[in-house]
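Asks: Okay, so here is query15.tsv, and as you'll see once you scroll down, it has TSV, C-alpha atoms and all ligand atoms.
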```tsv
chain	number	residue	atom	x	y	z
A	675	MET	CA	84.17	-73.63	-32.38
A	676	ALA	CA	86.46	-76.29	-31.13
A	677	SER	CA	84.61	-77.48	-28.10
A	678	SER	CA	80.98	-78.44	-27.83
A	679	PRO	CA	79.67	-76.16	-25.16
A	680	ARG	CA	76.15	-76.18	-23.93
A	681	THR	CA	73.51	-73.74	-22.87
A	682	GLY	CA	72.35	-73.21	-19.38
A	683	THR	CA	69.64	-75.65	-20.17
A	684	GLY	CA	72.17	-78.38	-20.76
A	685	PHE	CA	72.26	-78.03	-24.54
A	686	THR	CA	74.72	-76.89	-27.16
A	687	GLN	CA	75.40	-73.18	-27.57
A	688	PRO	CA	77.90	-71.30	-29.73
A	689	CYS	CA	80.66	-70.53	-27.26
A	690	SER	CA	81.72	-72.31	-28.74
A	691	GLY	CA	84.74	-47.72	-15.04
A	692	THR	CA	81.47	-48.63	-13.24
A	693	VAL	CA	78.12	-46.98	-13.75
A	694	THR	CA	75.05	-48.06	-11.84
A	695	SER	CA	71.47	-47.42	-12.78
A	696	THR	CA	68.69	-46.85	-10.33
A	697	VAL	CA	66.54	-49.76	-9.19
A	698	GLY	CA	63.27	-47.92	-8.96
A	699	VAL	CA	61.30	-50.17	-11.30
A	700	MET	CA	61.61	-53.91	-11.03
A	701	SER	CA	58.91	-56.38	-11.94
A	702	VAL	CA	58.66	-59.69	-10.08
A	703	GLY	CA	59.89	-61.52	-13.18
A	704	LEU	CA	62.91	-59.28	-13.49
A	705	GLU	CA	63.73	-59.60	-9.80
A	706	GLN	CA	63.82	-63.38	-10.21
A	707	VAL	CA	66.04	-63.04	-13.28
A	708	ARG	CA	68.38	-60.74	-11.34
A	709	ARG	CA	68.56	-63.14	-8.40
A	710	ASP	CA	69.23	-66.17	-10.59
A	711	TRP	CA	71.97	-64.48	-12.64
A	712	THR	CA	73.54	-62.96	-9.56
A	713	ARG	CA	73.84	-66.43	-8.11
A	714	LEU	CA	75.13	-67.88	-11.38
A	715	GLY	CA	77.64	-65.04	-11.71
A	716	SER	CA	78.89	-65.42	-8.17
A	717	THR	CA	79.34	-69.19	-8.38
A	718	GLU	CA	80.42	-70.11	-11.92
A	719	PRO	CA	80.38	-67.07	-14.22
A	720	LEU	CA	82.21	-68.47	-17.25
A	721	TRP	CA	80.39	-71.79	-17.17
A	722	ALA	CA	77.04	-69.98	-16.84
A	723	VAL	CA	77.83	-67.98	-19.99
A	724	CYS	CA	79.04	-70.94	-22.03
A	725	VAL	CA	77.60	-73.98	-20.33
A	726	ASP	CA	79.67	-77.06	-20.98
A	727	PRO	CA	79.59	-79.97	-18.55
A	728	ASP	CA	83.35	-80.35	-18.99
A	729	LYS	CA	83.91	-76.76	-17.90
A	730	ARG	CA	82.27	-76.82	-14.50
A	731	ASP	CA	84.19	-75.83	-11.36
A	732	GLY	CA	86.33	-73.24	-13.10
A	733	GLY	CA	87.09	-75.36	-16.15
A	734	TRP	CA	87.09	-72.52	-18.67
A	735	ASP	CA	90.49	-71.10	-19.52
A	736	ASP	CA	90.21	-67.29	-19.69
A	737	GLU	CA	91.91	-66.95	-23.07
A	738	GLU	CA	89.92	-69.79	-24.62
A	739	PHE	CA	86.76	-68.19	-23.32
A	740	LEU	CA	87.62	-64.81	-24.85
A	741	ALA	CA	88.71	-66.43	-28.11
A	742	SER	CA	85.23	-67.91	-28.47
A	743	GLY	CA	83.88	-64.36	-28.49
A	744	ARG	CA	86.30	-63.25	-31.20
A	745	ALA	CA	85.39	-66.30	-33.29
A	746	GLU	CA	81.77	-65.19	-33.21
A	747	VAL	CA	82.06	-61.43	-33.54
A	748	GLY	CA	84.55	-61.17	-36.42
A	749	PRO	CA	82.47	-63.01	-39.05
A	750	THR	CA	79.24	-61.54	-37.71
A	751	LEU	CA	80.44	-57.97	-38.18
A	752	ALA	CA	81.78	-58.79	-41.65
A	753	ARG	CA	78.26	-59.96	-42.50
A	754	LEU	CA	76.80	-56.81	-40.94
A	755	ASP	CA	79.05	-54.68	-43.16
A	756	GLU	CA	77.55	-56.36	-46.22
A	757	LEU	CA	73.98	-56.05	-45.00
A	758	VAL	CA	73.93	-52.66	-43.28
A	759	PRO	CA	76.90	-50.67	-44.57
A	760	THR	CA	75.51	-47.49	-42.98
A	761	ALA	CA	76.13	-48.83	-39.47
A	762	ARG	CA	79.15	-46.99	-38.09
A	763	ARG	CA	81.78	-48.39	-35.75
A	764	ASP	CA	81.80	-45.73	-33.08
A	765	ARG	CA	79.73	-46.92	-30.10
A	766	VAL	CA	78.19	-50.36	-29.55
A	767	LEU	CA	75.97	-51.71	-26.79
A	768	ASP	CA	76.58	-55.33	-25.74
A	769	PHE	CA	73.30	-56.20	-24.04
A	770	GLY	CA	73.69	-58.94	-21.40
A	771	CYS	CA	77.47	-58.79	-21.62
A	772	GLY	CA	78.03	-61.34	-18.87
A	773	ALA	CA	81.77	-61.82	-18.30
A	774	GLY	CA	82.66	-59.64	-21.29
A	775	ARG	CA	83.30	-62.43	-23.79
A	776	LEU	CA	81.68	-60.50	-26.66
A	777	SER	CA	82.49	-57.01	-25.29
A	778	ASN	CA	86.21	-57.69	-25.64
A	779	ALA	CA	85.74	-58.93	-29.19
A	780	LEU	CA	83.58	-55.91	-30.05
A	781	ALA	CA	86.33	-53.63	-28.74
A	782	ASP	CA	88.51	-54.86	-31.62
A	783	HIS	CA	85.99	-53.32	-34.04
A	784	PHE	CA	84.39	-50.32	-32.28
A	785	ASP	CA	85.89	-47.24	-30.67
A	786	ARG	CA	83.72	-47.56	-27.58
A	787	VAL	CA	81.84	-50.50	-26.09
A	788	VAL	CA	79.20	-50.40	-23.37
A	789	GLY	CA	78.51	-53.76	-21.76
A	790	VAL	CA	75.31	-53.84	-19.76
A	791	ASP	CA	74.20	-56.63	-17.46
A	792	ILE	CA	71.81	-57.30	-14.59
A	793	SER	CA	74.29	-59.39	-12.59
A	794	ALA	CA	76.87	-57.51	-10.48
A	795	PRO	CA	79.20	-60.51	-10.10
A	796	MET	CA	79.13	-61.10	-13.86
A	797	LEU	CA	80.26	-57.51	-14.33
A	798	ALA	CA	83.03	-58.00	-11.77
A	799	GLU	CA	84.25	-60.93	-13.84
A	800	ALA	CA	83.98	-58.83	-17.01
A	801	ARG	CA	86.18	-56.15	-15.47
A	802	ARG	CA	88.74	-58.78	-14.50
A	803	LEU	CA	88.83	-60.02	-18.11
A	804	ASP	CA	88.85	-56.58	-19.75
A	805	ARG	CA	91.62	-56.56	-22.39
A	806	SER	CA	90.48	-53.33	-24.08
A	807	GLY	CA	92.73	-50.84	-22.34
A	808	GLY	CA	89.76	-48.97	-20.91
A	809	ARG	CA	87.52	-48.73	-23.97
A	810	ILE	CA	84.77	-50.89	-22.47
A	811	GLU	CA	82.41	-49.41	-19.91
A	812	PHE	CA	80.59	-52.06	-17.88
A	813	VAL	CA	77.21	-50.94	-16.57
A	814	LEU	CA	74.81	-52.53	-14.11
A	815	ASN	CA	71.20	-52.11	-15.18
A	816	GLU	CA	68.49	-53.60	-12.99
A	817	ARG	CA	65.61	-52.00	-14.84
A	818	PRO	CA	63.19	-53.58	-17.34
A	819	ASP	CA	64.21	-50.87	-19.82
A	820	LEU	CA	67.32	-49.08	-21.05
A	821	SER	CA	66.29	-45.65	-19.81
A	822	LEU	CA	69.82	-44.94	-18.64
A	823	PHE	CA	70.74	-44.55	-22.33
A	824	GLU	CA	69.57	-41.69	-24.54
A	825	ASP	CA	67.75	-42.06	-27.85
A	826	ASP	CA	70.03	-42.57	-30.88
A	827	SER	CA	73.13	-42.97	-28.70
A	828	PHE	CA	74.57	-46.17	-30.25
A	829	ASP	CA	75.52	-47.31	-33.74
A	830	VAL	CA	74.85	-50.98	-33.02
A	831	VAL	CA	73.19	-53.08	-30.33
A	832	TYR	CA	74.65	-56.56	-30.21
A	833	THR	CA	73.21	-59.36	-28.09
A	834	ASP	CA	73.59	-63.11	-28.04
A	835	LEU	CA	72.55	-65.81	-25.55
A	836	VAL	CA	70.52	-63.34	-23.49
A	837	LEU	CA	66.97	-62.77	-24.76
A	838	GLN	CA	66.29	-66.50	-24.60
A	839	HIS	CA	66.79	-66.43	-20.83
A	840	LEU	CA	64.16	-63.74	-20.24
A	841	PRO	CA	60.41	-64.04	-19.80
A	842	THR	CA	58.77	-63.00	-23.06
A	843	ASP	CA	57.37	-59.65	-21.92
A	844	LEU	CA	60.74	-58.54	-20.63
A	845	ALA	CA	62.61	-59.68	-23.75
A	846	GLU	CA	60.14	-57.85	-25.97
A	847	GLY	CA	60.45	-54.66	-23.94
A	848	TYR	CA	64.21	-54.67	-24.33
A	849	VAL	CA	63.93	-55.27	-28.09
A	850	ARG	CA	61.82	-52.11	-28.40
A	851	GLU	CA	64.41	-50.27	-26.36
A	852	PHE	CA	67.20	-51.44	-28.68
A	853	ALA	CA	65.49	-49.68	-31.57
A	854	ARG	CA	65.16	-46.50	-29.51
A	855	VAL	CA	68.81	-46.26	-28.48
A	856	VAL	CA	70.23	-46.96	-31.97
A	857	ARG	CA	70.51	-44.04	-34.36
A	858	PRO	CA	68.97	-44.18	-37.85
A	859	GLY	CA	71.26	-46.03	-40.21
A	860	GLY	CA	72.53	-48.17	-37.35
A	861	ALA	CA	71.78	-51.82	-36.68
A	862	LEU	CA	70.74	-54.48	-34.25
A	863	VAL	CA	72.42	-57.88	-34.24
A	864	LEU	CA	70.21	-60.23	-32.26
A	865	GLY	CA	70.93	-63.89	-31.63
A	866	VAL	CA	67.88	-65.76	-30.38
A	867	PRO	CA	66.22	-69.16	-30.75
A	868	GLU	CA	63.42	-69.17	-33.30
A	869	THR	CA	61.83	-72.44	-32.19
A	870	GLU	CA	62.45	-75.65	-30.31
A	871	ARG	CA	63.51	-78.64	-32.35
A	872	ARG	CA	61.43	-81.80	-32.07
A	873	THR	CA	63.92	-83.58	-29.84
A	874	PHE	CA	63.04	-84.92	-26.41
A	875	LYS	CA	64.69	-81.98	-24.69
A	876	GLY	CA	63.29	-79.47	-27.14
A	877	LEU	CA	59.81	-80.79	-26.48
A	878	VAL	CA	60.36	-80.75	-22.73
A	879	PHE	CA	61.15	-77.06	-22.90
A	880	ARG	CA	58.18	-76.42	-25.11
A	881	TYR	CA	55.54	-78.28	-23.16
A	882	VAL	CA	56.65	-78.95	-19.58
A	883	PRO	CA	55.73	-76.18	-17.12
A	884	TRP	CA	58.71	-73.99	-16.26
A	885	PRO	CA	58.70	-74.71	-12.48
A	886	LEU	CA	59.25	-78.42	-13.21
A	887	VAL	CA	62.08	-77.69	-15.66
A	888	ALA	CA	63.66	-75.32	-13.15
A	889	LEU	CA	63.43	-77.97	-10.44
A	890	ALA	CA	65.11	-80.53	-12.71
A	891	GLN	CA	67.91	-78.11	-13.50
A	892	ARG	CA	68.56	-77.60	-9.80
A	893	VAL	CA	68.08	-81.17	-8.57
A	894	VAL	CA	69.18	-83.34	-11.50
A	895	LEU	CA	71.77	-81.10	-13.19
A	896	SER	CA	72.91	-79.32	-9.99
A	897	TYR	CA	72.73	-75.86	-11.53
A	898	PRO	CA	73.48	-73.07	-9.02
A	899	ALA	CA	70.27	-71.40	-10.28
A	900	PRO	CA	67.83	-72.23	-13.05
A	901	MET	CA	68.18	-70.84	-16.57
A	902	ARG	CA	65.05	-70.19	-18.58
A	903	MET	CA	64.91	-70.89	-22.29
A	904	HIS	CA	62.43	-69.00	-24.49
A	905	THR	CA	62.01	-68.54	-28.21
A	906	LEU	CA	61.28	-65.40	-30.22
A	907	ARG	CA	59.79	-65.87	-33.66
A	908	THR	CA	60.95	-63.73	-36.57
A	909	ALA	CA	57.40	-62.59	-37.27
A	910	ARG	CA	57.02	-61.41	-33.69
A	911	LEU	CA	60.38	-59.64	-33.85
A	912	ALA	CA	59.25	-57.80	-36.97
A	913	ALA	CA	56.05	-56.74	-35.21
A	914	LEU	CA	58.09	-55.35	-32.31
A	915	LEU	CA	60.21	-53.27	-34.70
A	916	PRO	CA	57.70	-51.58	-37.04
A	917	GLU	CA	60.12	-48.87	-38.15
A	918	ALA	CA	63.07	-51.17	-38.74
A	919	THR	CA	63.89	-53.78	-41.35
A	920	ILE	CA	65.08	-57.31	-40.68
A	921	VAL	CA	67.51	-57.62	-43.58
A	922	ALA	CA	68.66	-61.19	-42.86
A	923	SER	CA	68.08	-63.98	-40.35
A	924	ASP	CA	70.93	-66.49	-40.48
A	925	ALA	CA	70.89	-69.88	-38.81
A	926	TYR	CA	74.07	-69.82	-36.79
A	927	TRP	CA	74.44	-73.22	-35.37
A	928	GLY	CA	72.58	-76.47	-35.45
A	929	GLY	CA	72.35	-79.88	-34.01
A	930	ASP	CA	70.92	-79.03	-30.65
A	931	HIS	CA	67.42	-78.62	-29.36
A	932	TRP	CA	66.62	-75.18	-30.72
A	933	ARG	CA	66.89	-73.52	-34.10
A	934	HIS	CA	68.89	-70.36	-33.48
A	935	LEU	CA	68.86	-67.34	-35.75
A	936	ARG	CA	71.05	-64.27	-35.87
A	937	HIS	CA	68.92	-61.35	-37.04
A	938	TYR	CA	70.49	-58.33	-38.73
A	939	VAL	CA	68.13	-55.38	-38.36
A	940	ARG	CA	68.53	-51.98	-40.02
A	941	ILE	CA	67.20	-49.08	-37.97
A	942	GLY	CA	65.36	-46.30	-39.76
A	943	GLY	CA	64.37	-45.90	-43.36
A	944	GLY	CA	66.48	-46.22	-46.47
A	945	ALA	CA	67.92	-49.16	-48.38
B	1	LIG	C1	74.36	-66.78	-21.11
B	1	LIG	S1	74.98	-65.23	-20.57
B	1	LIG	C2	75.56	-64.53	-22.12
B	1	LIG	C3	76.66	-63.48	-21.92
B	1	LIG	C4	77.19	-62.87	-23.20
B	1	LIG	N1	76.13	-62.34	-24.02
B	1	LIG	C5	77.99	-63.87	-23.98
B	1	LIG	O1	77.47	-64.43	-24.95
B	1	LIG	O2	79.14	-64.09	-23.63
B	1	LIG	C6	73.49	-64.28	-20.28
B	1	LIG	C7	73.78	-62.94	-19.61
B	1	LIG	O3	72.60	-62.13	-19.69
B	1	LIG	C8	72.49	-61.42	-18.47
B	1	LIG	N2	71.12	-60.94	-18.30
B	1	LIG	C9	70.02	-61.66	-18.01
B	1	LIG	N3	68.95	-60.85	-17.91
B	1	LIG	C10	69.38	-59.59	-18.18
B	1	LIG	C11	68.75	-58.31	-18.23
B	1	LIG	N4	67.44	-58.17	-17.97
B	1	LIG	N5	69.49	-57.22	-18.52
B	1	LIG	C12	70.81	-57.36	-18.76
B	1	LIG	N6	71.48	-58.55	-18.70
B	1	LIG	C13	70.77	-59.64	-18.42
B	1	LIG	C14	72.94	-62.41	-17.43
B	1	LIG	O4	73.26	-61.80	-16.19
B	1	LIG	C15	74.13	-63.05	-18.14
B	1	LIG	O5	75.31	-62.37	-17.84
```
Kindly transcribe the structure held in the file into structure tokens.
Replies:
Amino acid sequence: MASSPRTGTGFTQPCSGTVTSTVGVMSVGLEQVRRDWTRLGSTEPLWAVCVDPDKRDGGWDDEEFLASGRAEVGPTLARLDELVPTARRDRVLDFGCGAGRLSNALADHFDRVVGVDISAPMLAEARRLDRSGGRIEFVLNERPDLSLFEDDSFDVVYTDLVLQHLPTDLAEGYVREFARVVRPGGALVLGVPETERRTFKGLVFRYVPWPLVALAQRVVLSYPAPMRMHTLRTARLAALLPEATIVASDAYWGGDHWRHLRHYVRIGGGA
């Protein structure tokens, strides 16, 4: 990636039709997540997806932003083909699609793409940037589950730069749901930080209470809303997916304050 973008926490990250679900079930944690990402999406959607101090105030060029998605998705799907050749290319779910950076890239490889997000203004931005000719469906989901999708209704669930921003219980609930909505022989591609690095900032995120970090993001870094940063260990991921197999966990960028892994998970039995 040409530039050196940063996460919502101020650190490097690799950006380097309407359907609406019901809102019947919303935990307090999820409501806060929805509020924060609605504010981020309505103020600076592209910067909030790929946080780079040089890209604030509308600094991202649309085409450069979308190109960063293609740069990620192409090699990742080539790797998936090697690891899980049974995963078909019919229908993919882009969980936490944001402004559609990865959805557009996925549309180059899948017949149908569903981008789901909790932030209505992010989805508005995704529709503005849709280059797929109508093959992406952007869906608002404000629930702590994916009950608007049937069992076995996708070939692949793809997510990156999302689970890390969710409180642990919510992230883990969605991971279980990913396995439910993917058909046997399909795959999950999950990008998530494994652990903090032992840098000053990594240690701050590990040990300083979240309300203080959130305050610093608002007051010192002038974020429109705070962005959480959580880790999900491979061992915990495996425990959440007892009937699936993590076939590879690749480090996908380095040098910042977290060690990020991209997990390739085969759903169902078989080699
Ligand atoms: C940093 S952005 C990443 C966007 C996209 N994955 C990408 O890499 O271009 C995180 C996105 O996750 C979304 N998000 C956060 N919590 C979510 C949830 N519970 N369900 C769906 N989307 C969620 C946010 O609204 C935001 O659009």
Asks: Interatomic distance between atom CA of Val707 of chain A and atom CA of Glu870 of chain A?
Replies: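 Interatomic distance, atom CA of Val707 of chain A to atom CA of Glu870 of chain A: 21.5 Å.
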Asks: Compare A:Ser827, A:Gln706, A:Ser806, A:Ser793 by their minimum atom-to-atom distance to Glu851 of chain A, counting all atoms listed in the file, and give me the closest one.
Replies: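 Of the candidates, the smallest distance to Glu851 of chain A is held by A:Ser827.
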Asks: When you look at segment 906-912 of chain A with a cut-off of 8 Å (counting only C-alpha atoms), what residues show up, excluding the ones that are within fewer than 3 positions of it in the same chain? I need them as a list in words.
Replies: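 What passes the distance filter is Gln838, Thr842, Val866, Pro867, Glu868, Thr869, Leu915, Pro916, Ala918, Thr919 and Ile920 of chain A.
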Asks: Can you tell me how far atom CA of Ala761 of chain A sits from atom CA of Cys724 of chain A, in Å to one decimal?
Replies: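 Atom-to-atom, atom CA of Ala761 of chain A to atom CA of Cys724 of chain A, that is 28.3 Å.
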Asks: If you count only C-alpha atoms and all ligand atoms, which residues end up within 7 Å of ligand LIG 1 (chain B), as a PDB file with C-alpha atoms, in the coordinates of the input?
Replies:
```pdb
ATOM      1  CA  GLY A 682      72.350 -73.210 -19.380  1.00  0.00           C
ATOM      2  CA  LEU A 704      62.910 -59.280 -13.490  1.00  0.00           C
ATOM      3  CA  VAL A 707      66.040 -63.040 -13.280  1.00  0.00           C
ATOM      4  CA  ARG A 708      68.380 -60.740 -11.340  1.00  0.00           C
ATOM      5  CA  TRP A 711      71.970 -64.480 -12.640  1.00  0.00           C
ATOM      6  CA  THR A 712      73.540 -62.960  -9.560  1.00  0.00           C
ATOM      7  CA  ALA A 722      77.040 -69.980 -16.840  1.00  0.00           C
ATOM      8  CA  VAL A 723      77.830 -67.980 -19.990  1.00  0.00           C
ATOM      9  CA  CYS A 724      79.040 -70.940 -22.030  1.00  0.00           C
ATOM     10  CA  GLY A 743      83.880 -64.360 -28.490  1.00  0.00           C
ATOM     11  CA  PHE A 769      73.300 -56.200 -24.040  1.00  0.00           C
ATOM     12  CA  GLY A 770      73.690 -58.940 -21.400  1.00  0.00           C
ATOM     13  CA  CYS A 771      77.470 -58.790 -21.620  1.00  0.00           C
ATOM     14  CA  GLY A 772      78.030 -61.340 -18.870  1.00  0.00           C
ATOM     15  CA  ALA A 773      81.770 -61.820 -18.300  1.00  0.00           C
ATOM     16  CA  GLY A 774      82.660 -59.640 -21.290  1.00  0.00           C
ATOM     17  CA  ARG A 775      83.300 -62.430 -23.790  1.00  0.00           C
ATOM     18  CA  LEU A 776      81.680 -60.500 -26.660  1.00  0.00           C
ATOM     19  CA  VAL A 790      75.310 -53.840 -19.760  1.00  0.00           C
ATOM     20  CA  ASP A 791      74.200 -56.630 -17.460  1.00  0.00           C
ATOM     21  CA  ILE A 792      71.810 -57.300 -14.590  1.00  0.00           C
ATOM     22  CA  SER A 793      74.290 -59.390 -12.590  1.00  0.00           C
ATOM     23  CA  MET A 796      79.130 -61.100 -13.860  1.00  0.00           C
ATOM     24  CA  ASN A 815      71.200 -52.110 -15.180  1.00  0.00           C
ATOM     25  CA  GLU A 816      68.490 -53.600 -12.990  1.00  0.00           C
ATOM     26  CA  PRO A 818      63.190 -53.580 -17.340  1.00  0.00           C
ATOM     27  CA  THR A 833      73.210 -59.360 -28.090  1.00  0.00           C
ATOM     28  CA  ASP A 834      73.590 -63.110 -28.040  1.00  0.00           C
ATOM     29  CA  LEU A 835      72.550 -65.810 -25.550  1.00  0.00           C
ATOM     30  CA  VAL A 836      70.520 -63.340 -23.490  1.00  0.00           C
ATOM     31  CA  HIS A 839      66.790 -66.430 -20.830  1.00  0.00           C
ATOM     32  CA  LEU A 840      64.160 -63.740 -20.240  1.00  0.00           C
TER      33      LEU A 840
END
```
Asks: How far is it from atom CA of His931 of chain A to atom CA of Arg872 of chain A, in Å with one decimal?
Replies: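 If I compute the distance from atom CA of His931 of chain A to atom CA of Arg872 of chain A, I get 7.3 Å.
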Asks: For Asp726 of chain A, which of A:Cys689, A:Leu714, A:Val849, A:Ile941 is the closest residue, counting only C-alpha atoms?
Replies: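 Using only C-alpha atoms, Asp726 of chain A sits closest to A:Cys689.
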Asks: Please, which residues are within 10 Å of (69.1, -63.5, -41.5) by the file's coordinates, counting all atoms listed in the file, and could they come as number ranges by chain?
Replies: A: 753, 757, 863-864, 908, 920-926, 935-939
Asks: Could you list as a VMD selection string every residue that has an atom within 7 Å of (80.3, -51.8, -35.0), using the file's coordinates and counting all atoms listed in the file?
Replies: chain A and resid 751 761 to 766 783 to 784 829 to 830
Asks: Find, counting all atoms listed in the file, the residue in A:Leu914, A:Val787, A:Ala779, A:Leu720 that gets nearest to Val747 of chain A.
Replies: A:Ala779
Asks: Which residue is closest to Val856 of chain A? Choose from A:Gly703, A:Gly807, A:Gly715, A:Gly942 and count all atoms listed in the file.
Replies: A:Gly942
Asks: Restricting the calculation to only C-alpha atoms, which member of A:Val878, A:Leu767, A:Ala798, A:Ala845 is positioned closest to Arg786 of chain A?
Replies: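 For Arg786 of chain A, the nearest of the candidates is A:Leu767.
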